[in-house]
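For reference, the structure discussed in these notes is given below.
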Protein chains: 2
Amino acid sequence: MNTYMDVHRGMEGITAAQLKEAHEADTAIEHEEGVHFEHAWADPESGTVYCLSTAPSAGAVQRVHERAGHVADEIHTVSLSV
Amino acid sequence: MNTYMDVHRGMEGITAAQLKEAHEADTAIEHEEGVHFEHAWADPESGTVYCLSTAPSAGAVQRVHERAGHVADEIHTVSLSV
């Protein structure tokens with residue numbers, strides 16, 4: 001399992017309810033790809049959302065996001081953390 | 001206090017020791033700006049580092065990073081999280 005930080009852009013004006021709904025859409029199906037979305041943070045002003053997950057691959061992360069209706073713009077394998 | 005996600009680029013090849021050293025350079029002086037760096041994640045392949053902090057302003061976050069020798073390329077106020 002690896003840790004991933006993915007980035008969604010163009011989410012200007014996202015609300016707390018929309019972030020929660022998007023996150024729950026991911027977590028509802030994440031087990032099918034062996035993914036776990038741990039946290040998500042949103043900046044409604046710049047329209048940027050960051051999601052931290054553990055997963056077997058970046059492709060698995062993207063498949064969950066895609067099926068949940070919000071493809072990620074970038075997925076980074078964050079192999080180091082502190 | 002707000003929560004910030006800042007991004008550093010161009011860090012290709014960063015090692016665990018370098019990430020730890022950079023984080024410790026931040027945390028050694030963060031109190032002078034009322035900032036607390038909670039976590040940092042690095043992708044050595046794309047050279048991207050993400051730092052999560054709580055701080056009174058984005059300027060305070062940048063001042064700590066600047067004095068520690070690593071200016072952030074982007075700082076986002078992540079006012080929402082889940």
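Residue names in the structure tokens use chain letters A, B, ... in the order shown, residue numbers from 1 in each chain, and ligand numbers from 1 in the order shown.
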
Could you please tell me, as number ranges by chain, which residues of chain B have an atom within 9 Å of chain A when using only C-alpha atoms?
B: 4-5, 14-16, 19-20, 23, 38-46, 48-50, 76-82

Apply DSSP to the backbone of this structure and, from chain A, keep only the residues in strand (DSSP E); write these as a list in words.
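Everything in chain A that counts as strand (DSSP E) is Asn2, Thr3, Tyr4, Met5, Asp6, Val7, His8, His36, Phe37, Glu38, His39, Ala40, Trp41, Ala42, Asp43, Thr48, Val49, Tyr50, Cys51, Leu52, Ser53, Thr54, Ala55, Glu74, Ile75, His76, Thr77, Leu80 and Ser81 of chain A.
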
Restricting it to C-alpha atoms, dump the selection as an mmCIF file, in the first residue's frame.
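So the final result, stored in again06.cif, reads:
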data_model
loop_
_atom_site.group_PDB
_atom_site.id
_atom_site.type_symbol
_atom_site.label_atom_id
_atom_site.label_comp_id
_atom_site.auth_asym_id
_atom_site.auth_seq_id
_atom_site.Cartn_x
_atom_site.Cartn_y
_atom_site.Cartn_z
ATOM 1 C CA ASN A 2 1.161 3.506 -0.817
ATOM 2 C CA THR A 3 0.047 6.929 0.282
ATOM 3 C CA TYR A 4 -1.312 9.329 -2.327
ATOM 4 C CA MET A 5 -2.125 13.025 -2.407
ATOM 5 C CA ASP A 6 -4.450 13.894 -5.236
ATOM 6 C CA VAL A 7 -5.517 17.303 -6.396
ATOM 7 C CA HIS A 8 -8.783 18.505 -7.923
ATOM 8 C CA HIS A 36 -8.995 4.334 1.810
ATOM 9 C CA PHE A 37 -9.546 8.076 1.640
ATOM 10 C CA GLU A 38 -8.285 9.463 4.938
ATOM 11 C CA HIS A 39 -8.801 13.199 4.632
ATOM 12 C CA ALA A 40 -9.770 15.880 2.169
ATOM 13 C CA TRP A 41 -9.115 19.608 2.394
ATOM 14 C CA ALA A 42 -10.707 22.274 0.205
ATOM 15 C CA ASP A 43 -9.876 25.858 -0.660
ATOM 16 C CA THR A 48 -8.518 23.372 -5.074
ATOM 17 C CA VAL A 49 -9.246 20.128 -3.234
ATOM 18 C CA TYR A 50 -6.560 17.821 -1.808
ATOM 19 C CA CYS A 51 -7.326 14.208 -0.909
ATOM 20 C CA LEU A 52 -5.008 11.987 1.121
ATOM 21 C CA SER A 53 -5.443 8.265 0.638
ATOM 22 C CA THR A 54 -3.795 4.905 1.016
ATOM 23 C CA ALA A 55 -4.177 2.634 -1.977
ATOM 24 C CA GLU A 74 -3.066 15.157 -10.337
ATOM 25 C CA ILE A 75 -2.226 12.120 -8.233
ATOM 26 C CA HIS A 76 1.101 12.077 -6.414
ATOM 27 C CA THR A 77 2.640 9.101 -4.672
ATOM 28 C CA LEU A 80 7.709 10.239 2.356
ATOM 29 C CA SER A 81 5.946 11.928 5.239
#

Shell around stretch 60-73 of chain A at 6 Å using only C-alpha atoms, local window under 3 positions removed, as a list of chain:residue names:
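In the requested format, the answer is A:Val7, A:His8, A:Ala25, A:Asp26, A:Glu30, A:Glu33, A:Ser57.
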
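Relative to atom CA of B:Pro56, atom CA of A:Met11 is found at 24.0 Å.
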
Using DSSP on the backbone coordinates, identify the residues of chain A assigned to alpha helix (DSSP H); present them as a PyMOL selection string.
chain A and resi 16-29+58-67

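The coordinates place atom CA of A:Gly10 at 26.3 Å from atom CA of B:Glu12.
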
Expressed in Å to a single decimal, how great is the separation between atom CA of A:Ala58 and atom CA of A:Ile29?
15.7 Å
